[in-house]
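K.L.:
Below is the file coords05.csv, with CSV, N, CA and C atoms.
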chain,number,residue,atom,x,y,z
A,1,MET,N,21.7,226.6,201.7
A,1,MET,CA,22.1,225.2,201.2
A,1,MET,C,22.8,224.5,202.3
A,2,SER,N,22.1,224.1,203.3
A,2,SER,CA,22.8,223.4,204.4
A,2,SER,C,22.3,221.9,204.4
A,3,ASP,N,23.3,221.0,204.3
A,3,ASP,CA,23.0,219.6,204.4
A,3,ASP,C,23.5,219.1,205.7
A,4,SER,N,22.6,219.1,206.7
A,4,SER,CA,23.0,218.7,208.1
A,4,SER,C,23.2,217.2,208.2
A,5,GLY,N,22.9,216.4,207.2
A,5,GLY,CA,23.1,215.0,207.2
A,5,GLY,C,24.5,214.6,206.7
A,6,PHE,N,25.3,215.5,206.2
A,6,PHE,CA,26.6,215.2,205.6
A,6,PHE,C,27.5,214.5,206.6
A,7,LEU,N,27.5,215.0,207.8
A,7,LEU,CA,28.4,214.4,208.8
A,7,LEU,C,27.7,213.2,209.6
A,8,LYS,N,26.5,213.0,209.3
A,8,LYS,CA,25.7,212.0,210.0
A,8,LYS,C,25.5,210.7,209.2
A,9,THR,N,25.8,210.7,207.9
A,9,THR,CA,25.5,209.5,207.1
A,9,THR,C,26.8,209.0,206.5
A,10,HIS,N,27.0,207.7,206.7
A,10,HIS,CA,28.1,207.0,206.1
A,10,HIS,C,27.8,206.7,204.6
A,11,ARG,N,28.5,207.2,203.7
A,11,ARG,CA,28.2,207.0,202.3
A,11,ARG,C,29.2,206.1,201.7
A,12,THR,N,28.8,205.4,200.6
A,12,THR,CA,29.7,204.4,200.0
A,12,THR,C,30.9,205.0,199.3
A,13,TRP,N,30.8,206.3,198.9
A,13,TRP,CA,32.0,206.9,198.2
A,13,TRP,C,33.1,207.0,199.2
A,14,GLU,N,32.8,207.1,200.5
A,14,GLU,CA,33.9,207.1,201.5
A,14,GLU,C,34.7,205.8,201.5
A,15,ASP,N,33.9,204.7,201.3
A,15,ASP,CA,34.6,203.4,201.3
A,15,ASP,C,35.4,203.3,200.0
A,16,TRP,N,34.9,203.8,198.9
A,16,TRP,CA,35.7,203.8,197.7
A,16,TRP,C,37.0,204.6,197.8
A,17,CYS,N,36.9,205.8,198.5
A,17,CYS,CA,38.1,206.6,198.8
A,17,CYS,C,39.1,205.8,199.6
A,18,GLY,N,38.6,205.0,200.6
A,18,GLY,CA,39.5,204.2,201.4
A,18,GLY,C,40.2,203.2,200.6
A,19,MET,N,39.5,202.6,199.6
A,19,MET,CA,40.1,201.6,198.7
A,19,MET,C,41.2,202.2,197.9
A,20,LEU,N,40.9,203.4,197.4
A,20,LEU,CA,41.8,204.2,196.6
A,20,LEU,C,43.1,204.5,197.4
A,21,LEU,N,42.9,205.0,198.6
A,21,LEU,CA,44.0,205.2,199.5
A,21,LEU,C,44.9,204.0,199.7
A,22,GLY,N,44.2,202.9,199.9
A,22,GLY,CA,45.0,201.6,200.1
A,22,GLY,C,45.8,201.3,198.9
A,23,ALA,N,45.2,201.5,197.7
A,23,ALA,CA,46.0,201.2,196.5
A,23,ALA,C,47.2,202.2,196.4
A,24,ALA,N,47.0,203.4,196.7
A,24,ALA,CA,48.1,204.4,196.6
A,24,ALA,C,49.2,204.1,197.6
A,25,ILE,N,48.8,203.6,198.8
A,25,ILE,CA,49.8,203.3,199.8
A,25,ILE,C,50.6,202.1,199.3
A,26,VAL,N,50.0,201.1,198.7
A,26,VAL,CA,50.7,199.9,198.2
A,26,VAL,C,51.7,200.3,197.2
A,27,ALA,N,51.3,201.2,196.3
A,27,ALA,CA,52.2,201.6,195.2
A,27,ALA,C,53.3,202.6,195.5
A,28,SER,N,53.2,203.2,196.7
A,28,SER,CA,54.1,204.3,197.1
A,28,SER,C,55.6,203.9,197.1
A,29,PRO,N,56.0,202.7,197.4
A,29,PRO,CA,57.5,202.5,197.4
A,29,PRO,C,58.1,202.5,196.0
A,30,TRP,N,57.3,202.4,195.0
A,30,TRP,CA,57.8,202.4,193.6
A,30,TRP,C,57.5,203.6,192.8
A,31,PHE,N,57.1,204.7,193.5
A,31,PHE,CA,57.0,206.0,192.8
A,31,PHE,C,58.4,206.5,192.3
A,32,PRO,N,58.5,207.0,191.1
A,32,PRO,CA,59.8,207.3,190.6
A,32,PRO,C,60.4,208.6,191.2
A,33,VAL,N,59.8,209.4,192.0
A,33,VAL,CA,60.3,210.6,192.5
A,33,VAL,C,61.1,210.5,193.8
A,34,GLN,N,61.2,209.3,194.3
A,34,GLN,CA,61.8,209.1,195.6
A,34,GLN,C,63.3,208.6,195.4
A,35,ASP,N,63.9,208.5,196.6
A,35,ASP,CA,65.3,208.1,196.7
A,35,ASP,C,65.4,206.6,196.3
A,36,PRO,N,66.2,206.2,195.4
A,36,PRO,CA,66.3,204.8,195.0
A,36,PRO,C,66.8,203.8,196.1
A,37,ALA,N,67.4,204.4,197.2
A,37,ALA,CA,67.8,203.6,198.3
A,37,ALA,C,66.7,202.9,199.0
A,38,ILE,N,65.5,203.4,198.9
A,38,ILE,CA,64.3,202.7,199.6
A,38,ILE,C,64.0,201.4,199.0
A,39,THR,N,64.4,201.1,197.7
A,39,THR,CA,64.1,199.8,197.1
A,39,THR,C,64.9,198.7,197.8
A,40,GLY,N,66.0,199.1,198.4
A,40,GLY,CA,66.8,198.1,199.2
A,40,GLY,C,66.3,197.9,200.6
A,41,HIS,N,65.4,198.7,201.1
A,41,HIS,CA,64.9,198.6,202.4
A,41,HIS,C,63.6,197.7,202.4
A,42,GLN,N,63.9,196.4,202.5
A,42,GLN,CA,62.8,195.5,202.4
A,42,GLN,C,61.7,195.6,203.5
A,43,THR,N,62.1,195.9,204.7
A,43,THR,CA,61.2,196.1,205.8
A,43,THR,C,60.2,197.2,205.5
A,44,ALA,N,60.7,198.3,205.0
A,44,ALA,CA,59.8,199.4,204.7
A,44,ALA,C,58.8,199.1,203.6
A,45,ILE,N,59.3,198.4,202.6
A,45,ILE,CA,58.5,198.0,201.5
A,45,ILE,C,57.4,197.0,201.9
A,46,LEU,N,57.8,196.0,202.7
A,46,LEU,CA,56.8,195.0,203.2
A,46,LEU,C,55.8,195.7,204.2
A,47,ASN,N,56.2,196.6,205.0
A,47,ASN,CA,55.4,197.4,205.9
A,47,ASN,C,54.3,198.2,205.1
A,48,THR,N,54.8,198.9,204.1
A,48,THR,CA,54.0,199.7,203.3
A,48,THR,C,52.9,198.9,202.5
A,49,VAL,N,53.3,197.8,201.9
A,49,VAL,CA,52.4,196.9,201.2
A,49,VAL,C,51.4,196.4,202.2
A,50,ALA,N,51.8,195.9,203.3
A,50,ALA,CA,50.9,195.4,204.3
A,50,ALA,C,49.8,196.4,204.8
A,51,ILE,N,50.3,197.6,205.1
A,51,ILE,CA,49.4,198.7,205.5
A,51,ILE,C,48.4,199.0,204.4
A,52,GLY,N,48.9,199.1,203.1
A,52,GLY,CA,48.0,199.4,202.0
A,52,GLY,C,47.0,198.3,201.8
A,53,LEU,N,47.4,197.1,201.9
A,53,LEU,CA,46.4,196.0,201.8
A,53,LEU,C,45.4,196.0,202.9
A,54,ILE,N,45.8,196.3,204.1
A,54,ILE,CA,44.9,196.4,205.3
A,54,ILE,C,43.9,197.5,205.1
A,55,VAL,N,44.4,198.7,204.7
A,55,VAL,CA,43.4,199.8,204.4
A,55,VAL,C,42.5,199.4,203.3
A,56,PHE,N,43.0,198.8,202.2
A,56,PHE,CA,42.1,198.4,201.1
A,56,PHE,C,41.1,197.4,201.6
A,57,GLY,N,41.5,196.4,202.3
A,57,GLY,CA,40.6,195.4,202.8
A,57,GLY,C,39.6,195.9,203.8
A,58,LEU,N,40.0,196.7,204.7
A,58,LEU,CA,39.0,197.3,205.6
A,58,LEU,C,38.0,198.1,204.9
A,59,SER,N,38.4,198.9,203.9
A,59,SER,CA,37.4,199.7,203.1
A,59,SER,C,36.4,198.8,202.4
A,60,GLN,N,36.9,197.6,201.9
A,60,GLN,CA,36.0,196.7,201.2
A,60,GLN,C,35.1,196.1,202.2
A,61,LEU,N,35.5,195.8,203.4
A,61,LEU,CA,34.6,195.3,204.4
A,61,LEU,C,33.6,196.3,204.8
A,62,GLU,N,34.0,197.5,204.9
A,62,GLU,CA,33.0,198.6,205.3
A,62,GLU,C,32.0,198.7,204.2
A,63,TYR,N,32.4,198.5,202.9
A,63,TYR,CA,31.4,198.6,201.8
A,63,TYR,C,30.4,197.5,201.8
A,64,VAL,N,30.8,196.3,202.3
A,64,VAL,CA,30.0,195.2,202.3
A,64,VAL,C,29.2,195.0,203.6
A,65,ALA,N,29.9,195.1,204.7
A,65,ALA,CA,29.2,194.9,206.0
A,65,ALA,C,29.8,195.8,207.0
A,66,LEU,N,29.2,196.9,207.3
A,66,LEU,CA,29.7,198.0,208.1
A,66,LEU,C,29.7,197.6,209.6
A,67,GLN,N,30.8,197.8,210.3
A,67,GLN,CA,30.9,197.6,211.7
A,67,GLN,C,31.9,198.7,212.3
A,68,ARG,N,31.7,199.0,213.5
A,68,ARG,CA,32.5,200.1,214.1
A,68,ARG,C,34.0,199.7,214.3
A,69,TRP,N,34.3,198.4,214.5
A,69,TRP,CA,35.7,198.0,214.7
A,69,TRP,C,36.5,198.3,213.5
A,70,GLN,N,35.9,198.4,212.3
A,70,GLN,CA,36.6,198.6,211.1
A,70,GLN,C,37.1,200.0,211.1
A,71,GLU,N,36.4,201.0,211.5
A,71,GLU,CA,36.8,202.4,211.6
A,71,GLU,C,37.9,202.6,212.6
A,72,VAL,N,37.8,201.9,213.8
A,72,VAL,CA,38.8,202.0,214.8
A,72,VAL,C,40.1,201.4,214.3
A,73,THR,N,40.0,200.3,213.6
A,73,THR,CA,41.2,199.7,213.0
A,73,THR,C,41.8,200.6,212.0
A,74,THR,N,41.0,201.2,211.2
A,74,THR,CA,41.5,202.1,210.1
A,74,THR,C,42.3,203.3,210.8
A,75,ILE,N,41.8,203.8,211.8
A,75,ILE,CA,42.5,204.9,212.5
A,75,ILE,C,43.8,204.4,213.1
A,76,LEU,N,43.8,203.2,213.7
A,76,LEU,CA,45.1,202.7,214.2
A,76,LEU,C,46.1,202.4,213.1
A,77,VAL,N,45.7,201.9,212.0
A,77,VAL,CA,46.6,201.6,210.9
A,77,VAL,C,47.1,202.9,210.3
A,78,GLY,N,46.2,204.0,210.2
A,78,GLY,CA,46.7,205.3,209.7
A,78,GLY,C,47.7,205.9,210.6
A,79,LEU,N,47.5,205.7,211.9
A,79,LEU,CA,48.5,206.2,212.9
A,79,LEU,C,49.9,205.5,212.8
A,80,TRP,N,49.8,204.2,212.5
A,80,TRP,CA,51.0,203.4,212.3
A,80,TRP,C,51.7,203.9,211.0
A,81,LEU,N,51.0,204.2,210.0
A,81,LEU,CA,51.6,204.7,208.7
A,81,LEU,C,52.3,206.0,209.0
A,82,ILE,N,51.7,206.8,209.8
A,82,ILE,CA,52.4,208.1,210.2
A,82,ILE,C,53.7,207.8,210.9
A,83,ALA,N,53.7,206.9,211.8
A,83,ALA,CA,54.8,206.6,212.7
A,83,ALA,C,55.9,205.7,212.0
A,84,SER,N,55.5,204.9,211.1
A,84,SER,CA,56.4,203.9,210.5
A,84,SER,C,57.7,204.4,209.9
A,85,PRO,N,57.8,205.6,209.3
A,85,PRO,CA,59.1,206.1,208.8
A,85,PRO,C,60.1,206.3,209.9
A,86,TYR,N,59.6,206.7,211.0
A,86,TYR,CA,60.5,206.9,212.2
A,86,TYR,C,60.8,205.6,212.9
A,87,VAL,N,59.9,204.7,213.0
A,87,VAL,CA,60.1,203.5,213.8
A,87,VAL,C,60.9,202.5,213.0
A,88,ILE,N,60.6,202.4,211.7
A,88,ILE,CA,61.3,201.4,210.9
A,88,ILE,C,62.7,202.0,210.4
A,89,GLY,N,62.8,203.3,210.2
A,89,GLY,CA,64.0,203.9,209.9
A,89,GLY,C,64.2,204.4,208.5
A,90,TYR,N,63.2,204.7,207.8
A,90,TYR,CA,63.3,205.2,206.5
A,90,TYR,C,62.9,206.7,206.4
A,91,SER,N,63.0,207.4,207.5
A,91,SER,CA,62.6,208.8,207.6
A,91,SER,C,63.6,209.7,206.8
A,92,ALA,N,64.8,209.2,206.5
A,92,ALA,CA,65.7,210.1,205.8
A,92,ALA,C,65.2,210.3,204.3
A,93,ASP,N,64.4,209.4,203.8
A,93,ASP,CA,63.9,209.6,202.4
A,93,ASP,C,62.7,210.6,202.5
A,94,GLY,N,63.0,211.8,202.2
A,94,GLY,CA,62.0,212.9,202.4
A,94,GLY,C,60.7,212.7,201.7
A,95,PHE,N,60.7,212.2,200.5
A,95,PHE,CA,59.4,212.1,199.8
A,95,PHE,C,58.5,211.0,200.4
A,96,LEU,N,59.1,209.8,200.7
A,96,LEU,CA,58.3,208.8,201.2
A,96,LEU,C,57.8,209.1,202.6
A,97,ARG,N,58.6,209.7,203.4
A,97,ARG,CA,58.2,210.1,204.8
A,97,ARG,C,57.1,211.1,204.7
A,98,ILE,N,57.2,212.1,203.9
A,98,ILE,CA,56.1,213.1,203.7
A,98,ILE,C,54.9,212.5,203.2
A,99,TYR,N,55.0,211.6,202.2
A,99,TYR,CA,53.9,210.9,201.5
A,99,TYR,C,53.2,210.0,202.5
A,100,HIS,N,53.9,209.3,203.3
A,100,HIS,CA,53.3,208.4,204.2
A,100,HIS,C,52.7,209.1,205.4
A,101,THR,N,53.3,210.2,205.8
A,101,THR,CA,52.7,211.0,206.8
A,101,THR,C,51.3,211.6,206.4
A,102,THR,N,51.3,212.1,205.1
A,102,THR,CA,50.1,212.7,204.6
A,102,THR,C,49.1,211.7,204.3
A,103,LEU,N,49.4,210.5,203.7
A,103,LEU,CA,48.4,209.5,203.5
A,103,LEU,C,47.9,208.9,204.8
A,104,GLY,N,48.8,208.8,205.8
A,104,GLY,CA,48.3,208.3,207.1
A,104,GLY,C,47.4,209.3,207.8
A,105,ALA,N,47.6,210.6,207.6
A,105,ALA,CA,46.7,211.6,208.2
A,105,ALA,C,45.4,211.5,207.5
A,106,VAL,N,45.4,211.3,206.2
A,106,VAL,CA,44.1,211.2,205.4
A,106,VAL,C,43.3,210.0,205.9
A,107,VAL,N,44.0,208.9,206.0
A,107,VAL,CA,43.4,207.6,206.5
A,107,VAL,C,42.8,207.8,207.9
A,108,VAL,N,43.5,208.5,208.8
A,108,VAL,CA,43.0,208.7,210.1
A,108,VAL,C,41.8,209.6,210.1
A,109,LEU,N,41.8,210.7,209.3
A,109,LEU,CA,40.7,211.6,209.2
A,109,LEU,C,39.5,210.9,208.6
A,110,LEU,N,39.7,210.0,207.6
A,110,LEU,CA,38.6,209.3,207.0
A,110,LEU,C,38.0,208.3,208.0
A,111,GLY,N,38.8,207.7,208.8
A,111,GLY,CA,38.3,206.8,209.8
A,111,GLY,C,37.6,207.5,210.9
A,112,ILE,N,38.1,208.7,211.3
A,112,ILE,CA,37.4,209.5,212.3
A,112,ILE,C,36.0,209.9,211.8
A,113,LEU,N,36.0,210.4,210.5
A,113,LEU,CA,34.7,210.8,209.9
A,113,LEU,C,33.7,209.6,209.9
A,114,GLN,N,34.2,208.5,209.5
A,114,GLN,CA,33.3,207.3,209.4
A,114,GLN,C,32.8,206.9,210.8
A,115,LEU,N,33.7,206.9,211.8
A,115,LEU,CA,33.3,206.5,213.1
A,115,LEU,C,32.3,207.5,213.7
A,116,TRP,N,32.5,208.8,213.4
A,116,TRP,CA,31.6,209.8,213.9
A,116,TRP,C,30.2,209.6,213.3
A,117,GLN,N,30.2,209.2,212.0
A,117,GLN,CA,28.9,209.0,211.3
A,117,GLN,C,28.2,207.7,211.8
A,118,ASP,N,28.9,206.7,212.3
A,118,ASP,CA,28.3,205.5,212.7
A,118,ASP,C,28.2,205.3,214.2
A,119,TRP,N,28.6,206.3,214.9
A,119,TRP,CA,28.6,206.2,216.4
A,119,TRP,C,27.2,205.9,217.0
A,120,ASP,N,26.2,206.6,216.6
A,120,ASP,CA,24.9,206.5,217.2
A,120,ASP,C,24.0,205.5,216.5
A,121,GLN,N,24.5,204.9,215.4
A,121,GLN,CA,23.6,203.9,214.7
A,121,GLN,C,23.5,202.6,215.4
A,122,THR,N,22.4,202.0,215.3
A,122,THR,CA,22.2,200.6,215.8
A,122,THR,C,22.9,199.6,214.9
A,123,ASP,N,23.0,198.4,215.4
A,123,ASP,CA,23.6,197.3,214.5
A,123,ASP,C,22.8,197.1,213.3
A,124,GLN,N,21.5,197.2,213.4
A,124,GLN,CA,20.6,197.0,212.3
A,124,GLN,C,20.8,198.1,211.3
A,125,ASP,N,21.0,199.4,211.7
A,125,ASP,CA,21.3,200.5,210.8
A,125,ASP,C,22.6,200.3,210.1
A,126,LEU,N,23.6,199.7,210.8
A,126,LEU,CA,24.9,199.5,210.2
A,126,LEU,C,24.8,198.4,209.1
A,127,LEU,N,23.9,197.4,209.3
A,127,LEU,CA,23.7,196.4,208.3
A,127,LEU,C,23.1,196.9,207.0
A,128,LYS,N,22.3,198.0,207.1
A,128,LYS,CA,21.7,198.5,205.9
A,128,LYS,C,22.6,199.3,205.1
A,129,HIS,N,23.8,199.6,205.5
A,129,HIS,CA,24.8,200.4,204.7
A,129,HIS,C,25.0,199.9,203.3
A,130,GLY,N,24.9,200.8,202.4
A,130,GLY,CA,25.1,200.4,201.0
A,130,GLY,C,23.9,199.9,200.3
A,131,GLN,N,22.8,199.8,200.9
A,131,GLN,CA,21.6,199.3,200.3
A,131,GLN,C,20.7,200.4,199.8
Starting from the coordinates I provided, produce the structure as structure tokens.
P.N.:
Amino acid sequence: MSDSGFLKTHRTWEDWCGMLLGAAIVASPWFPVQDPAITGHQTAILNTVAIGLIVFGLSQLEYVALQRWQEVTTILVGLWLIASPYVIGYSADGFLRIYHTTLGAVVVLLGILQLWQDWDQTDQDLLKHGQ
């Protein structure tokens, strides 16, 4: 039972997973299991909401009109999500730091998978995505 096309075909469920990840990132500052001090850290909240909206928007763009720059941007945004607790200064909040590191890694891995799948496709093949 070998499906050699799994890593070669960009599927629409991957785009839906990206949208779900974006929504989870947006909601993460308000999860009840974290330190309440993060609610006073406006920069961290704005950063998290912006990253979540970007991930969500890029996934929607991939669902509608697939292009390689979307995956590259997704990877970069995921890397920023991993680094942001340390750069912005909310790494002391253990839950949010671990959560953002984990979500950022999943976003990066999803972007790498999608970029791998789309690497050898022509622009016409990319336009057929989702049809």
K.L.:
Would you please extract all alpha helix (DSSP H) residues from region 12-102 of chain A, as assigned by DSSP on the backbone, and give them as a ChimeraX atom specification?
P.N.:
/A:12-27,42-64,68-84,94-102
K.L.:
Which residues, written as a JSON list (two decimals) with N, CA and C atoms, in the coordinates of the input, have at least one atom at most 8 Å from region 67-84 of chain A, with all atoms listed in the file counted and residues fewer than 4 positions away on the same chain left out?
P.N.:
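Written out: around.json:
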[["chain", "number", "residue", "atom", "x", "y", "z"],
["A", 44, "ALA", "N", 60.70, 198.30, 205.00],
["A", 44, "ALA", "CA", 59.80, 199.40, 204.70],
["A", 44, "ALA", "C", 58.80, 199.10, 203.60],
["A", 47, "ASN", "N", 56.20, 196.60, 205.00],
["A", 47, "ASN", "CA", 55.40, 197.40, 205.90],
["A", 47, "ASN", "C", 54.30, 198.20, 205.10],
["A", 48, "THR", "N", 54.80, 198.90, 204.10],
["A", 48, "THR", "CA", 54.00, 199.70, 203.30],
["A", 48, "THR", "C", 52.90, 198.90, 202.50],
["A", 51, "ILE", "N", 50.30, 197.60, 205.10],
["A", 51, "ILE", "CA", 49.40, 198.70, 205.50],
["A", 51, "ILE", "C", 48.40, 199.00, 204.40],
["A", 54, "ILE", "N", 45.80, 196.30, 204.10],
["A", 54, "ILE", "CA", 44.90, 196.40, 205.30],
["A", 54, "ILE", "C", 43.90, 197.50, 205.10],
["A", 55, "VAL", "N", 44.40, 198.70, 204.70],
["A", 55, "VAL", "CA", 43.40, 199.80, 204.40],
["A", 55, "VAL", "C", 42.50, 199.40, 203.30],
["A", 58, "LEU", "N", 40.00, 196.70, 204.70],
["A", 58, "LEU", "CA", 39.00, 197.30, 205.60],
["A", 58, "LEU", "C", 38.00, 198.10, 204.90],
["A", 59, "SER", "N", 38.40, 198.90, 203.90],
["A", 59, "SER", "CA", 37.40, 199.70, 203.10],
["A", 59, "SER", "C", 36.40, 198.80, 202.40],
["A", 61, "LEU", "N", 35.50, 195.80, 203.40],
["A", 61, "LEU", "CA", 34.60, 195.30, 204.40],
["A", 61, "LEU", "C", 33.60, 196.30, 204.80],
["A", 62, "GLU", "N", 34.00, 197.50, 204.90],
["A", 62, "GLU", "CA", 33.00, 198.60, 205.30],
["A", 62, "GLU", "C", 32.00, 198.70, 204.20],
["A", 63, "TYR", "N", 32.40, 198.50, 202.90],
["A", 63, "TYR", "CA", 31.40, 198.60, 201.80],
["A", 63, "TYR", "C", 30.40, 197.50, 201.80],
["A", 88, "ILE", "N", 60.60, 202.40, 211.70],
["A", 88, "ILE", "CA", 61.30, 201.40, 210.90],
["A", 88, "ILE", "C", 62.70, 202.00, 210.40],
["A", 89, "GLY", "N", 62.80, 203.30, 210.20],
["A", 89, "GLY", "CA", 64.00, 203.90, 209.90],
["A", 89, "GLY", "C", 64.20, 204.40, 208.50],
["A", 90, "TYR", "N", 63.20, 204.70, 207.80],
["A", 90, "TYR", "CA", 63.30, 205.20, 206.50],
["A", 90, "TYR", "C", 62.90, 206.70, 206.40],
["A", 91, "SER", "N", 63.00, 207.40, 207.50],
["A", 91, "SER", "CA", 62.60, 208.80, 207.60],
["A", 91, "SER", "C", 63.60, 209.70, 206.80],
["A", 97, "ARG", "N", 58.60, 209.70, 203.40],
["A", 97, "ARG", "CA", 58.20, 210.10, 204.80],
["A", 97, "ARG", "C", 57.10, 211.10, 204.70],
["A", 99, "TYR", "N", 55.00, 211.60, 202.20],
["A", 99, "TYR", "CA", 53.90, 210.90, 201.50],
["A", 99, "TYR", "C", 53.20, 210.00, 202.50],
["A", 100, "HIS", "N", 53.90, 209.30, 203.30],
["A", 100, "HIS", "CA", 53.30, 208.40, 204.20],
["A", 100, "HIS", "C", 52.70, 209.10, 205.40],
["A", 101, "THR", "N", 53.30, 210.20, 205.80],
["A", 101, "THR", "CA", 52.70, 211.00, 206.80],
["A", 101, "THR", "C", 51.30, 211.60, 206.40],
["A", 102, "THR", "N", 51.30, 212.10, 205.10],
["A", 102, "THR", "CA", 50.10, 212.70, 204.60],
["A", 102, "THR", "C", 49.10, 211.70, 204.30],
["A", 103, "LEU", "N", 49.40, 210.50, 203.70],
["A", 103, "LEU", "CA", 48.40, 209.50, 203.50],
["A", 103, "LEU", "C", 47.90, 208.90, 204.80],
["A", 104, "GLY", "N", 48.80, 208.80, 205.80],
["A", 104, "GLY", "CA", 48.30, 208.30, 207.10],
["A", 104, "GLY", "C", 47.40, 209.30, 207.80],
["A", 105, "ALA", "N", 47.60, 210.60, 207.60],
["A", 105, "ALA", "CA", 46.70, 211.60, 208.20],
["A", 105, "ALA", "C", 45.40, 211.50, 207.50],
["A", 106, "VAL", "N", 45.40, 211.30, 206.20],
["A", 106, "VAL", "CA", 44.10, 211.20, 205.40],
["A", 106, "VAL", "C", 43.30, 210.00, 205.90],
["A", 107, "VAL", "N", 44.00, 208.90, 206.00],
["A", 107, "VAL", "CA", 43.40, 207.60, 206.50],
["A", 107, "VAL", "C", 42.80, 207.80, 207.90],
["A", 108, "VAL", "N", 43.50, 208.50, 208.80],
["A", 108, "VAL", "CA", 43.00, 208.70, 210.10],
["A", 108, "VAL", "C", 41.80, 209.60, 210.10],
["A", 109, "LEU", "N", 41.80, 210.70, 209.30],
["A", 109, "LEU", "CA", 40.70, 211.60, 209.20],
["A", 109, "LEU", "C", 39.50, 210.90, 208.60],
["A", 110, "LEU", "N", 39.70, 210.00, 207.60],
["A", 110, "LEU", "CA", 38.60, 209.30, 207.00],
["A", 110, "LEU", "C", 38.00, 208.30, 208.00],
["A", 111, "GLY", "N", 38.80, 207.70, 208.80],
["A", 111, "GLY", "CA", 38.30, 206.80, 209.80],
["A", 111, "GLY", "C", 37.60, 207.50, 210.90],
["A", 112, "ILE", "N", 38.10, 208.70, 211.30],
["A", 112, "ILE", "CA", 37.40, 209.50, 212.30],
["A", 112, "ILE", "C", 36.00, 209.90, 211.80],
["A", 114, "GLN", "N", 34.20, 208.50, 209.50],
["A", 114, "GLN", "CA", 33.30, 207.30, 209.40],
["A", 114, "GLN", "C", 32.80, 206.90, 210.80],
["A", 115, "LEU", "N", 33.70, 206.90, 211.80],
["A", 115, "LEU", "CA", 33.30, 206.50, 213.10],
["A", 115, "LEU", "C", 32.30, 207.50, 213.70],
["A", 116, "TRP", "N", 32.50, 208.80, 213.40],
["A", 116, "TRP", "CA", 31.60, 209.80, 213.90],
["A", 116, "TRP", "C", 30.20, 209.60, 213.30],
["A", 118, "ASP", "N", 28.90, 206.70, 212.30],
["A", 118, "ASP", "CA", 28.30, 205.50, 212.70],
["A", 118, "ASP", "C", 28.20, 205.30, 214.20],
["A", 119, "TRP", "N", 28.60, 206.30, 214.90],
["A", 119, "TRP", "CA", 28.60, 206.20, 216.40],
["A", 119, "TRP", "C", 27.20, 205.90, 217.00],
["A", 123, "ASP", "N", 23.00, 198.40, 215.40],
["A", 123, "ASP", "CA", 23.60, 197.30, 214.50],
["A", 123, "ASP", "C", 22.80, 197.10, 213.30],
["A", 126, "LEU", "N", 23.60, 199.70, 210.80],
["A", 126, "LEU", "CA", 24.90, 199.50, 210.20],
["A", 126, "LEU", "C", 24.80, 198.40, 209.10],
["A", 127, "LEU", "N", 23.90, 197.40, 209.30],
["A", 127, "LEU", "CA", 23.70, 196.40, 208.30],
["A", 127, "LEU", "C", 23.10, 196.90, 207.00]]
K.L.:
What is the atom C of Gly22 (chain A) to atom N of Phe56 (chain A) distance in Å?
P.N.:
5.0 Å
K.L.:
What is the atom N of Gln42 (chain A)-atom C of Pro85 (chain A) distance in Å, reported with one decimal?
P.N.:
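Separation between atom N of Gln42 (chain A) and atom C of Pro85 (chain A): 12.9 Å.
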K.L.:
With distances taken over only C-alpha atoms, which of A:Pro29, A:Asp15, A:Tyr86, A:Ala92 is nearest to Gly57 (chain A)?
P.N.:
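Closest candidate: A:Asp15.
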